[in-house]
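For reference, query18.cif is printed below; it contains mmCIF, C-alpha atoms.
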```cif
data_upload
loop_
_atom_site.label_atom_id
_atom_site.label_comp_id
_atom_site.auth_asym_id
_atom_site.auth_seq_id
_atom_site.Cartn_x
_atom_site.Cartn_y
_atom_site.Cartn_z
CA MET Z 1 31.23 -8.29 22.86
CA LYS Z 2 27.65 -7.62 21.89
CA ASN Z 3 25.73 -10.16 19.86
CA ILE Z 4 23.51 -8.40 17.39
CA ASN Z 5 20.81 -9.85 15.18
CA VAL Z 6 19.43 -8.00 12.21
CA TYR Z 7 16.04 -9.42 11.22
CA GLY Z 8 14.73 -9.13 7.70
CA SER Z 9 14.05 -11.01 4.52
CA GLY Z 10 17.42 -9.99 3.08
CA CYS Z 11 16.20 -6.87 1.37
CA LYS Z 12 18.31 -3.81 0.69
CA ASN Z 13 17.33 -2.14 3.97
CA CYS Z 14 18.53 -5.04 6.10
CA ILE Z 15 21.97 -4.99 4.51
CA ALA Z 16 22.10 -1.23 5.01
CA THR Z 17 21.14 -1.68 8.66
CA ALA Z 18 23.94 -4.17 9.27
CA GLU Z 19 26.40 -1.82 7.59
CA VAL Z 20 25.39 1.16 9.73
CA LEU Z 21 25.81 -0.94 12.88
CA GLU Z 22 29.22 -2.21 11.90
CA LYS Z 23 30.46 1.21 10.90
CA THR Z 24 29.21 2.80 14.10
CA ALA Z 25 30.71 0.04 16.24
CA THR Z 26 34.13 0.58 14.68
CA ALA Z 27 33.80 4.34 15.09
CA ILE Z 28 33.01 4.21 18.80
CA GLY Z 29 35.21 1.20 19.51
CA VAL Z 30 32.63 -1.38 20.60
CA ALA Z 31 33.16 -5.03 19.71
CA ILE Z 32 30.11 -6.54 18.05
CA LYS Z 33 29.12 -9.60 16.12
CA VAL Z 34 26.34 -9.02 13.62
CA GLU Z 35 24.23 -11.85 12.32
CA LYS Z 36 21.54 -11.46 9.67
CA VAL Z 37 18.47 -13.52 10.47
CA THR Z 38 16.36 -14.33 7.43
CA ASP Z 39 14.53 -17.45 8.60
CA LEU Z 40 10.82 -16.66 8.79
CA GLN Z 41 10.12 -18.75 11.85
CA ALA Z 42 13.02 -17.14 13.71
CA ILE Z 43 11.75 -13.69 12.77
CA MET Z 44 8.31 -14.57 14.08
CA GLU Z 45 9.65 -15.99 17.32
CA ALA Z 46 11.64 -12.84 17.94
CA GLY Z 47 8.36 -10.93 17.86
CA VAL Z 48 9.35 -8.75 14.93
CA LEU Z 49 6.49 -7.01 13.11
CA THR Z 50 8.28 -4.63 10.82
CA THR Z 51 11.69 -5.09 9.24
CA PRO Z 52 14.55 -4.36 9.42
CA ALA Z 53 14.62 -5.06 13.15
CA ILE Z 54 17.60 -5.14 15.51
CA SER Z 55 18.15 -7.12 18.67
CA ILE Z 56 21.14 -6.75 20.98
CA ASP Z 57 21.98 -9.71 23.22
CA GLY Z 58 18.52 -11.12 22.63
CA LYS Z 59 16.56 -7.94 23.34
CA LEU Z 60 14.67 -6.22 20.54
CA VAL Z 61 15.74 -2.59 20.42
CA HIS Z 62 14.47 -1.27 17.10
CA SER Z 63 12.25 -2.18 14.18
CA GLY Z 64 10.80 -0.77 10.99
CA SER Z 65 13.56 1.37 9.56
CA VAL Z 66 17.24 1.70 8.80
CA PRO Z 67 18.71 3.48 11.83
CA ASP Z 68 20.93 6.49 11.34
CA GLN Z 69 24.36 6.84 12.90
CA LYS Z 70 22.98 8.68 15.93
CA MET Z 71 20.44 5.97 16.73
CA ALA Z 72 23.00 3.23 16.21
CA THR Z 73 25.37 4.93 18.64
CA ALA Z 74 22.58 5.01 21.23
CA PHE Z 75 21.92 1.26 20.79
CA LEU Z 76 25.55 0.27 21.02
CA SER Z 77 26.78 2.38 23.93
CA MET D 1 -6.92 27.13 -6.22
CA LEU D 2 -6.28 24.03 -8.27
CA VAL D 3 -6.99 26.07 -11.38
CA TRP D 4 -3.48 27.55 -11.09
CA PHE D 5 -2.08 24.30 -12.35
CA THR D 6 -4.27 24.54 -15.44
CA TYR D 7 -2.96 28.06 -16.05
CA LEU D 8 0.59 26.79 -15.71
CA ALA D 9 -0.07 24.04 -18.25
CA ASN D 10 -1.81 26.52 -20.59
CA TYR D 11 1.12 28.89 -20.36
CA ILE D 12 3.80 26.29 -21.07
CA THR D 13 1.92 24.39 -23.76
CA TYR D 14 0.35 27.21 -25.77
CA ASP D 15 2.33 30.36 -24.98
CA LEU D 16 5.85 29.18 -24.32
CA LEU D 17 5.96 26.27 -26.78
CA GLY D 18 3.33 27.66 -29.12
CA LEU D 19 1.64 24.30 -29.72
CA VAL D 20 -1.65 24.27 -31.61
CA LYS D 21 -4.69 23.50 -29.44
CA GLU D 22 -6.46 20.12 -29.77
CA THR D 23 -3.54 18.38 -31.47
CA PRO D 24 -2.51 15.08 -29.85
CA LEU D 25 0.85 16.49 -28.77
CA ALA D 26 -0.67 19.59 -27.17
CA ASN D 27 -3.39 17.57 -25.43
CA GLY D 28 -0.93 15.04 -24.09
CA LEU D 29 1.61 17.61 -22.94
CA HIS D 30 -1.04 19.78 -21.30
CA PHE D 31 -2.35 16.76 -19.38
CA PHE D 32 1.18 15.83 -18.35
CA ILE D 33 2.20 19.28 -17.08
CA GLU D 34 -1.03 19.98 -15.26
CA ASP D 35 -1.16 16.62 -13.50
CA THR D 36 2.49 16.23 -12.51
CA SER D 37 2.74 19.77 -11.11
CA LYS D 38 -0.56 19.48 -9.28
CA ILE D 39 0.12 16.04 -7.81
CA LEU D 40 3.68 16.71 -6.70
CA VAL D 41 2.81 19.97 -4.95
CA LEU D 42 -0.27 18.55 -3.24
CA LEU D 43 1.61 15.41 -2.16
CA LEU D 44 4.32 17.43 -0.46
CA VAL D 45 1.84 19.54 1.46
CA LEU D 46 -0.81 16.98 2.35
CA ILE D 47 1.42 14.05 3.24
CA TYR D 48 3.10 16.26 5.80
CA PHE D 49 -0.19 17.02 7.52
CA ILE D 50 -1.42 13.42 7.34
CA ALA D 51 1.88 12.26 8.82
CA ILE D 52 1.55 14.71 11.73
CA ILE D 53 -1.84 13.24 12.58
CA ARG D 54 -0.87 9.60 12.40
CA ALA D 55 2.68 9.90 13.71
CA ALA D 56 1.95 7.72 16.72
CA LEU D 57 0.30 4.90 14.77
CA ASN D 58 2.37 1.82 14.00
CA PRO D 59 1.76 -1.89 13.31
CA GLU D 60 2.57 -2.85 16.91
CA LYS D 61 -0.20 -0.59 18.16
CA VAL D 62 -2.64 -1.90 15.56
CA ARG D 63 -1.95 -5.47 16.57
CA TYR D 64 -2.62 -4.53 20.17
CA TYR D 65 -5.97 -2.97 19.21
CA LEU D 66 -7.04 -5.87 17.04
CA GLN D 67 -6.49 -8.73 19.44
CA GLY D 68 -9.51 -10.11 21.19
CA LYS D 69 -12.00 -8.05 19.18
CA HIS D 70 -15.21 -9.58 17.92
CA ARG D 71 -14.70 -10.96 14.42
CA PHE D 72 -16.99 -8.60 12.58
CA ILE D 73 -15.67 -5.53 14.29
CA GLY D 74 -12.25 -7.00 13.58
CA TYR D 75 -12.86 -7.13 9.81
CA LEU D 76 -13.96 -3.52 9.78
CA LEU D 77 -11.08 -2.35 11.97
CA GLY D 78 -8.60 -4.52 10.07
CA SER D 79 -9.61 -2.96 6.76
CA PHE D 80 -9.59 0.50 8.25
CA PHE D 81 -6.17 0.13 9.85
CA GLY D 82 -4.84 -1.45 6.67
CA SER D 83 -5.61 1.77 4.88
CA VAL D 84 -4.19 4.18 7.47
CA THR D 85 -1.18 2.38 8.94
CA PRO D 86 2.10 3.14 7.26
CA PHE D 87 4.35 0.19 6.59
CA CYS D 88 6.63 -0.86 3.78
CA SER D 89 5.50 -3.77 1.62
CA CYS D 90 8.72 -5.59 2.50
CA SER D 91 7.28 -5.89 6.02
CA SER D 92 4.12 -7.70 4.84
CA ILE D 93 5.46 -11.10 5.78
CA PRO D 94 6.69 -10.38 9.32
CA LEU D 95 3.47 -8.45 9.91
CA PHE D 96 1.40 -11.35 8.74
CA MET D 97 3.28 -13.77 10.99
CA GLY D 98 3.13 -11.38 13.93
CA PHE D 99 -0.65 -11.04 13.63
CA VAL D 100 -1.13 -14.79 13.23
CA SER D 101 1.04 -15.58 16.24
CA ALA D 102 -1.02 -13.18 18.35
CA ARG D 103 -4.09 -15.23 17.31
CA ILE D 104 -5.76 -12.39 15.54
CA PRO D 105 -8.34 -14.13 13.33
CA LEU D 106 -6.83 -14.89 9.92
CA GLY D 107 -9.67 -13.05 8.18
CA VAL D 108 -8.87 -9.87 10.07
CA THR D 109 -5.21 -10.13 9.08
CA ILE D 110 -6.13 -10.70 5.43
CA ALA D 111 -8.50 -7.73 5.51
CA PHE D 112 -5.60 -5.64 6.82
CA LEU D 113 -3.18 -6.84 4.15
CA LEU D 114 -5.61 -6.49 1.24
CA THR D 115 -6.64 -2.90 1.89
CA SER D 116 -3.16 -1.64 2.59
CA PRO D 117 -1.90 -1.51 -1.03
CA LEU D 118 -5.27 -0.27 -2.31
CA ILE D 119 -5.72 2.68 -0.01
CA ASN D 120 -2.96 4.90 1.29
CA GLU D 121 -2.40 8.60 1.76
CA VAL D 122 -0.72 9.05 -1.61
CA VAL D 123 -3.61 7.47 -3.50
CA VAL D 124 -6.20 9.43 -1.57
CA VAL D 125 -4.44 12.72 -2.22
CA MET D 126 -4.12 11.92 -5.91
CA LEU D 127 -7.71 10.77 -6.31
CA GLY D 128 -8.97 13.83 -4.53
CA SER D 129 -6.94 16.23 -6.61
CA LEU D 130 -7.56 14.60 -9.99
CA LEU D 131 -11.04 13.13 -9.72
CA GLY D 132 -12.79 14.95 -6.92
CA LEU D 133 -14.36 14.11 -3.61
CA LYS D 134 -17.22 11.88 -4.76
CA PHE D 135 -14.95 9.55 -6.65
CA THR D 136 -12.47 9.40 -3.78
CA ILE D 137 -15.19 8.37 -1.36
CA ILE D 138 -16.44 5.67 -3.74
CA TYR D 139 -12.92 4.34 -4.14
CA ILE D 140 -12.25 4.21 -0.40
CA ALA D 141 -15.62 2.60 0.32
CA ILE D 142 -14.96 -0.10 -2.26
CA GLY D 143 -11.45 -0.71 -0.95
CA ILE D 144 -12.62 -1.10 2.65
CA SER D 145 -15.57 -3.32 1.66
CA LEU D 146 -13.30 -5.58 -0.40
CA GLY D 147 -11.17 -6.10 2.69
CA ILE D 148 -14.13 -6.77 5.00
CA PHE D 149 -15.72 -9.36 2.70
CA ALA D 150 -12.38 -11.03 2.06
CA GLY D 151 -11.86 -11.36 5.80
CA PHE D 152 -15.30 -12.81 6.32
CA LEU D 153 -14.85 -15.28 3.46
CA ILE D 154 -11.42 -16.39 4.66
CA ASP D 155 -12.79 -17.32 8.07
CA VAL D 156 -15.91 -19.00 6.64
CA ILE D 157 -13.83 -21.39 4.51
CA LYS D 158 -11.43 -21.97 7.42
CA ALA D 159 -8.49 -20.87 5.33
CA GLU D 160 -6.01 -21.37 8.18
CA ARG D 161 -5.71 -24.94 6.90
CA TRP D 162 -3.77 -23.55 3.97
CA LEU D 163 -1.12 -21.61 5.80
CA VAL D 164 2.42 -22.96 5.68
CA PRO D 165 2.80 -25.70 8.35
CA PHE D 166 4.69 -23.79 11.02
CA LEU D 167 2.17 -20.94 10.94
CA ALA D 168 -0.85 -23.23 10.86
CA LYS D 169 0.54 -24.99 13.93
CA GLN D 170 1.12 -21.69 15.68
CA TYR D 171 -2.40 -20.49 14.86
CA GLN D 172 -4.22 -23.64 15.89
CA SER D 173 -2.17 -24.80 18.87
CA GLU D 174 -4.15 -25.27 22.06
CA GLN D 175 -1.46 -23.54 24.02
CA GLN D 176 -2.61 -20.31 25.55
CA VAL D 177 -0.90 -17.24 24.13
CA ASN D 178 -0.24 -14.24 26.27
CA PRO D 179 -1.88 -11.15 24.87
CA VAL D 180 0.75 -8.88 23.37
CA GLN D 181 1.46 -5.76 25.35
CA TYR D 182 1.88 -2.35 23.96
CA THR D 183 2.89 0.77 25.78
CA ALA D 184 2.18 3.93 23.89
CA HIS D 185 4.53 6.77 24.47
CA LYS D 186 3.23 10.25 24.08
CA MET D 187 4.67 12.20 21.17
CA SER D 188 5.50 15.86 21.48
CA LEU D 189 4.55 18.19 18.67
CA LEU D 190 8.22 18.57 17.81
CA ALA D 191 8.63 14.79 17.53
CA ARG D 192 5.57 14.67 15.30
CA HIS D 193 6.97 17.40 13.11
CA GLN D 194 10.27 15.53 12.86
CA PHE D 195 8.48 12.32 11.92
CA ALA D 196 6.26 14.09 9.39
CA LYS D 197 9.20 15.82 7.77
CA GLU D 198 11.09 12.57 7.31
CA GLU D 199 7.97 10.70 6.22
CA THR D 200 7.13 13.32 3.61
CA LEU D 201 10.63 13.30 2.17
CA ASN D 202 10.79 9.48 2.17
CA ILE D 203 7.42 9.09 0.49
CA PHE D 204 8.18 11.82 -1.98
CA LYS D 205 11.50 10.23 -2.94
CA ARG D 206 9.74 6.92 -3.40
CA VAL D 207 6.73 8.01 -5.41
CA TRP D 208 7.77 10.90 -7.65
CA LYS D 209 8.91 8.60 -10.43
CA TRP D 210 5.67 6.60 -10.19
CA VAL D 211 3.71 9.82 -10.51
CA ILE D 212 5.61 10.71 -13.66
CA ILE D 213 5.27 7.21 -15.13
CA GLY D 214 1.55 7.16 -14.36
CA VAL D 215 0.91 10.60 -15.74
CA ALA D 216 2.96 9.82 -18.84
CA ILE D 217 0.82 6.76 -19.56
CA GLY D 218 -2.29 8.81 -18.85
CA ALA D 219 -1.08 11.58 -21.16
CA LEU D 220 -0.34 9.06 -23.90
CA ILE D 221 -3.85 7.66 -23.67
CA HIS D 222 -5.23 11.18 -23.51
CA GLY D 223 -3.33 12.50 -26.48
CA VAL D 224 -3.08 9.55 -28.83
CA ILE D 225 -5.89 7.03 -28.48
CA PRO D 226 -9.19 8.34 -29.86
CA ALA D 227 -12.26 8.23 -27.61
CA GLN D 228 -14.07 6.31 -30.34
CA TRP D 229 -11.74 3.35 -29.86
CA PHE D 230 -12.68 3.09 -26.19
CA SER D 231 -16.40 3.35 -26.73
CA ASP D 232 -16.17 0.66 -29.44
CA HIS D 233 -14.10 -1.73 -27.37
CA LEU D 234 -14.56 -0.93 -23.72
CA GLY D 235 -18.02 0.60 -23.60
CA ALA D 236 -20.72 -0.39 -21.13
CA LYS D 237 -22.52 -2.38 -23.80
CA GLN D 238 -19.84 -5.03 -23.99
CA TRP D 239 -20.53 -6.89 -20.73
CA TRP D 240 -17.39 -8.97 -21.07
CA SER D 241 -15.18 -5.91 -21.02
CA VAL D 242 -15.36 -5.79 -17.20
CA PRO D 243 -13.96 -9.25 -16.38
CA LEU D 244 -11.52 -8.86 -19.27
CA ALA D 245 -10.26 -5.61 -17.76
CA THR D 246 -9.67 -7.24 -14.36
CA VAL D 247 -7.72 -10.12 -15.91
CA LEU D 248 -5.69 -7.88 -18.23
CA ALA D 249 -4.66 -5.83 -15.22
CA ILE D 250 -3.02 -8.74 -13.35
CA PRO D 251 0.39 -8.72 -15.05
CA MET D 252 0.63 -4.96 -14.73
CA TYR D 253 3.07 -4.39 -11.97
CA ILE D 254 2.02 -0.91 -11.22
CA ASN D 255 1.45 0.61 -7.86
CA ALA D 256 -1.53 2.61 -6.80
CA THR D 257 0.30 5.89 -7.27
CA ALA D 258 0.82 5.35 -10.97
CA ILE D 259 -2.66 4.03 -11.62
CA VAL D 260 -4.60 7.16 -10.63
CA PRO D 261 -3.61 9.33 -13.64
CA VAL D 262 -4.37 6.36 -15.91
CA LEU D 263 -7.74 6.08 -14.24
CA GLU D 264 -8.38 9.77 -14.85
CA SER D 265 -7.57 9.62 -18.52
CA LEU D 266 -9.67 6.48 -19.08
CA LEU D 267 -12.65 8.22 -17.48
CA LEU D 268 -12.05 11.33 -19.60
CA LYS D 269 -12.16 9.12 -22.67
CA GLY D 270 -15.59 7.96 -21.66
CA VAL D 271 -14.70 4.45 -20.48
CA PRO D 272 -17.50 3.52 -18.04
CA LEU D 273 -16.76 4.01 -14.35
CA GLY D 274 -17.24 0.33 -13.42
CA THR D 275 -14.85 -0.93 -16.07
CA THR D 276 -12.25 1.68 -15.12
CA LEU D 277 -12.46 0.88 -11.41
CA ALA D 278 -12.28 -2.86 -12.01
CA PHE D 279 -9.20 -2.45 -14.18
CA CYS D 280 -7.35 -0.10 -11.87
CA MET D 281 -8.12 -1.82 -8.59
CA SER D 282 -7.20 -5.18 -10.04
CA ALA D 283 -3.88 -3.79 -11.26
CA VAL D 284 -3.09 -2.62 -7.74
CA ALA D 285 -4.52 -5.41 -5.59
CA VAL D 286 -3.60 -8.47 -7.62
CA SER D 287 0.10 -7.99 -8.09
CA LEU D 288 2.37 -10.89 -8.94
CA PRO D 289 5.38 -9.80 -6.86
CA GLU D 290 3.15 -9.39 -3.80
CA PHE D 291 1.68 -12.84 -4.34
CA MET D 292 5.11 -14.38 -4.82
CA MET D 293 6.06 -12.92 -1.47
CA LEU D 294 2.95 -14.25 0.24
CA LYS D 295 3.79 -17.72 -1.02
CA GLN D 296 6.28 -17.90 1.84
CA VAL D 297 3.45 -17.99 4.36
CA MET D 298 0.47 -19.52 2.56
CA SER D 299 -0.16 -22.32 0.12
CA LYS D 300 -0.77 -21.81 -3.58
CA ARG D 301 -4.33 -22.87 -3.03
CA LEU D 302 -5.06 -20.04 -0.62
CA LEU D 303 -3.34 -17.51 -2.89
CA PHE D 304 -5.43 -18.76 -5.77
CA ILE D 305 -8.60 -18.37 -3.71
CA ILE D 306 -7.68 -14.80 -2.79
CA ALA D 307 -6.87 -13.89 -6.39
CA ALA D 308 -10.10 -15.48 -7.62
CA TYR D 309 -12.07 -13.64 -4.95
CA LEU D 310 -10.60 -10.31 -6.04
CA LEU D 311 -11.30 -10.95 -9.72
CA VAL D 312 -14.89 -12.01 -9.09
CA ALA D 313 -15.57 -9.23 -6.60
CA LEU D 314 -14.09 -6.56 -8.86
CA SER D 315 -16.05 -7.83 -11.86
CA LEU D 316 -19.30 -7.72 -9.89
CA LEU D 317 -18.49 -4.21 -8.68
CA GLY D 318 -17.61 -3.15 -12.22
CA TRP D 319 -20.93 -4.39 -13.55
CA LEU D 320 -22.80 -2.77 -10.70
CA PHE D 321 -21.22 0.62 -11.29
CA ASN D 322 -21.70 0.38 -15.05
CA ALA D 323 -25.36 -0.47 -14.48
CA ILE D 324 -26.14 2.37 -12.11
CA ASN D 325 -24.07 4.71 -14.27
CA LEU D 326 -22.92 7.20 -11.64
#
```

Show this structure as structure tokens.
Amino acid sequence: MKNINVYGSGCKNCIATAEVLEKTATAIGVAIKVEKVTDLQAIMEAGVLTTPAISIDGKLVHSGSVPDQKMATAFLS
Amino acid sequence: MLVWFTYLANYITYDLLGLVKETPLANGLHFFIEDTSKILVLLLVLIYFIAIIRAALNPEKVRYYLQGKHRFIGYLLGSFFGSVTPFCSCSSIPLFMGFVSARIPLGVTIAFLLTSPLINEVVVVMLGSLLGLKFTIIYIAIGISLGIFAGFLIDVIKAERWLVPFLAKQYQSEQQVNPVQYTAHKMSLLARHQFAKEETLNIFKRVWKWVIIGVAIGALIHGVIPAQWFSDHLGAKQWWSVPLATVLAIPMYINATAIVPVLESLLLKGVPLGTTLAFCMSAVAVSLPEFMMLKQVMSKRLLFIIAAYLLVALSLLGWLFNAINL
């Protein structure tokens, strides 16, 4: 089970990012739990500069854009 | 080469549609066809090349460069990077917090944030193609200077007092912060091409409708409103027209892309350069949605100071340019 945080102010791109991750996870059969983090202080403490950003088990793996399916597969496997 | 777009507009307006020259409809339509075709083609080509050059630049890298720099160099670099670094306006807030938590002086961060909506590759391409090199350089110089002075002012008045509490605490805490690290990875030409291709398509998808909206407004002004009206109401003789223009521009939620064709048609109508610049830059820099967003990280008082600074600075610039009559 991977714990995934999606950081962002709740804009369209952050929702899209969470959707891509969930879809990819189902497709490749990885169990994940996605949480959307919108609290400003939490975003700052995670060291995020550009949103949407993704962390997996506490480690920042991506920021600044909605990942495509290929990128998401690379993060999750 | 740019004259091809005039030929295209001539052909469609006068030959294909058979409109009579110098009627409002013909003037407006000609303006619309020439500008939209010219801007859209140039944007596609030039954004690609700009993106190739700056493919490896990102906010993380900029933050790394800016930390620990002398303040005054910081203001200059902050303004400069604000104009060349690509980032989406929805990232303004995390960027702001990220810079503050790295203890980059608040003024430098503000300089960065203020110039970024004013100057970007789309605006520069449009200004260059519609208004020429001299005007583009003036515009960029003003944009960068606005950022530098804002940064200086922000630090002089110790504006960090007016950040929201958790940020103010972060900024002023005695605790030593570790400098942020950044490891640049080299980009191959193929990776740059890939980035540039995506960037061009993304930007194009985002701005084409703004181009059309802007040109349509410009065409409307060009075709319908007589030049006499402008010289009577917005001429250089009415000193109050400059501050009025900056204030009137505030509620216009228009981005820099759409403002350039409007700027062009105002200048063509003989509105003085200073008044035009003040109006257009105020419309772009003082935007209500942007300020609403910034309210999450700074107090109303600080926002008010920044807005007032922009209005005063743009009015002074407007008067200056009207007086020297470039």

Residue IDs satisfying the PyMOL selection byres ((chain Z) within 10 of (chain D)), as a ChimeraX atom specification: /Z:7-13,40-41,43-52,64-65

Two-atom distance - atom CA of Leu46 of chain D, atom CA of Asn120 of chain D (Å):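 Atom CA of Leu46 of chain D sits 12.3 Å away from atom CA of Asn120 of chain D.
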
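With distances restricted to only C-alpha atoms, D:Ile53 is the closest residue to Ala191 of chain D from D:Pro243, D:Ile53, D:Ser315, D:Asp15.
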
Residue IDs satisfying the PyMOL selection byres ((chain Z and resi 36) around 9), as an NGL selection string: :Z and (4-8 or 10 or 14-15 or 18 or 34-35 or 37-38)

Separation of atom CA of Leu2 of chain D from atom CA of Leu130 of chain D, in Å and rounded to one decimal: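 Distance between the two atoms: 9.7 Å.
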
Expansion of the PyMOL selection byres ((chain D and resi 219-231) around 7) into residues, as a list in words: Pro24, Leu25, Asn27, Gly28, Leu29, Phe31, Phe32, Val215, Ala216, Ile217, Gly218, Asp232, His233, Leu234, Gly235, Ser265, Lys269, Gly270 and Val271 of chain D

Pull C-alpha atoms from the residues just selected and write them as a compact mmCIF listing (two decimals), in the frame of the given file.
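Writing the result to part-v1.txt gives the following:
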```
# COMPACT_ATOMS: atom_id res chain seq x y z
CA PRO D 24 -2.51 15.08 -29.85
CA LEU D 25 0.85 16.49 -28.77
CA ASN D 27 -3.39 17.57 -25.43
CA GLY D 28 -0.93 15.04 -24.09
CA LEU D 29 1.61 17.61 -22.94
CA PHE D 31 -2.35 16.76 -19.38
CA PHE D 32 1.18 15.83 -18.35
CA VAL D 215 0.91 10.60 -15.74
CA ALA D 216 2.96 9.82 -18.84
CA ILE D 217 0.82 6.76 -19.56
CA GLY D 218 -2.29 8.81 -18.85
CA ASP D 232 -16.17 0.66 -29.44
CA HIS D 233 -14.10 -1.73 -27.37
CA LEU D 234 -14.56 -0.93 -23.72
CA GLY D 235 -18.02 0.60 -23.60
CA SER D 265 -7.57 9.62 -18.52
CA LYS D 269 -12.16 9.12 -22.67
CA GLY D 270 -15.59 7.96 -21.66
CA VAL D 271 -14.70 4.45 -20.48
```

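One finds atom CA of Lys300 of chain D at 17.4 Å from atom CA of Pro251 of chain D.
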
9 Å contact set for Ser77 of chain Z, all atoms listed in the file, chain neighbours under 2 positions out, as a list in words: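 The filter keeps Ala25, Ile28, Val30, Ala72, Thr73, Ala74 and Phe75 of chain Z.
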
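Minimum atom-to-atom distance to Leu42 of chain D, evaluated using only C-alpha atoms, belongs to D:Val125 out of D:Val125, D:Ile104, D:Leu77, D:Leu113.
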
Gly29 of chain Z surroundings by all atoms listed in the file, 12 Å radius, close-in-sequence under 2 positions cut, as a PyMOL selection string: chain Z and resi 1-2+21-27+31-32+73+76-77

Selection: 6 Å around Gly82 of chain D, all atoms listed in the file, excl. self and same-chain fewer than 3 positions, as a list in words: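 Selected residues are Gly78, Ser79, Thr85, Phe112, Thr115 and Ser116 of chain D.
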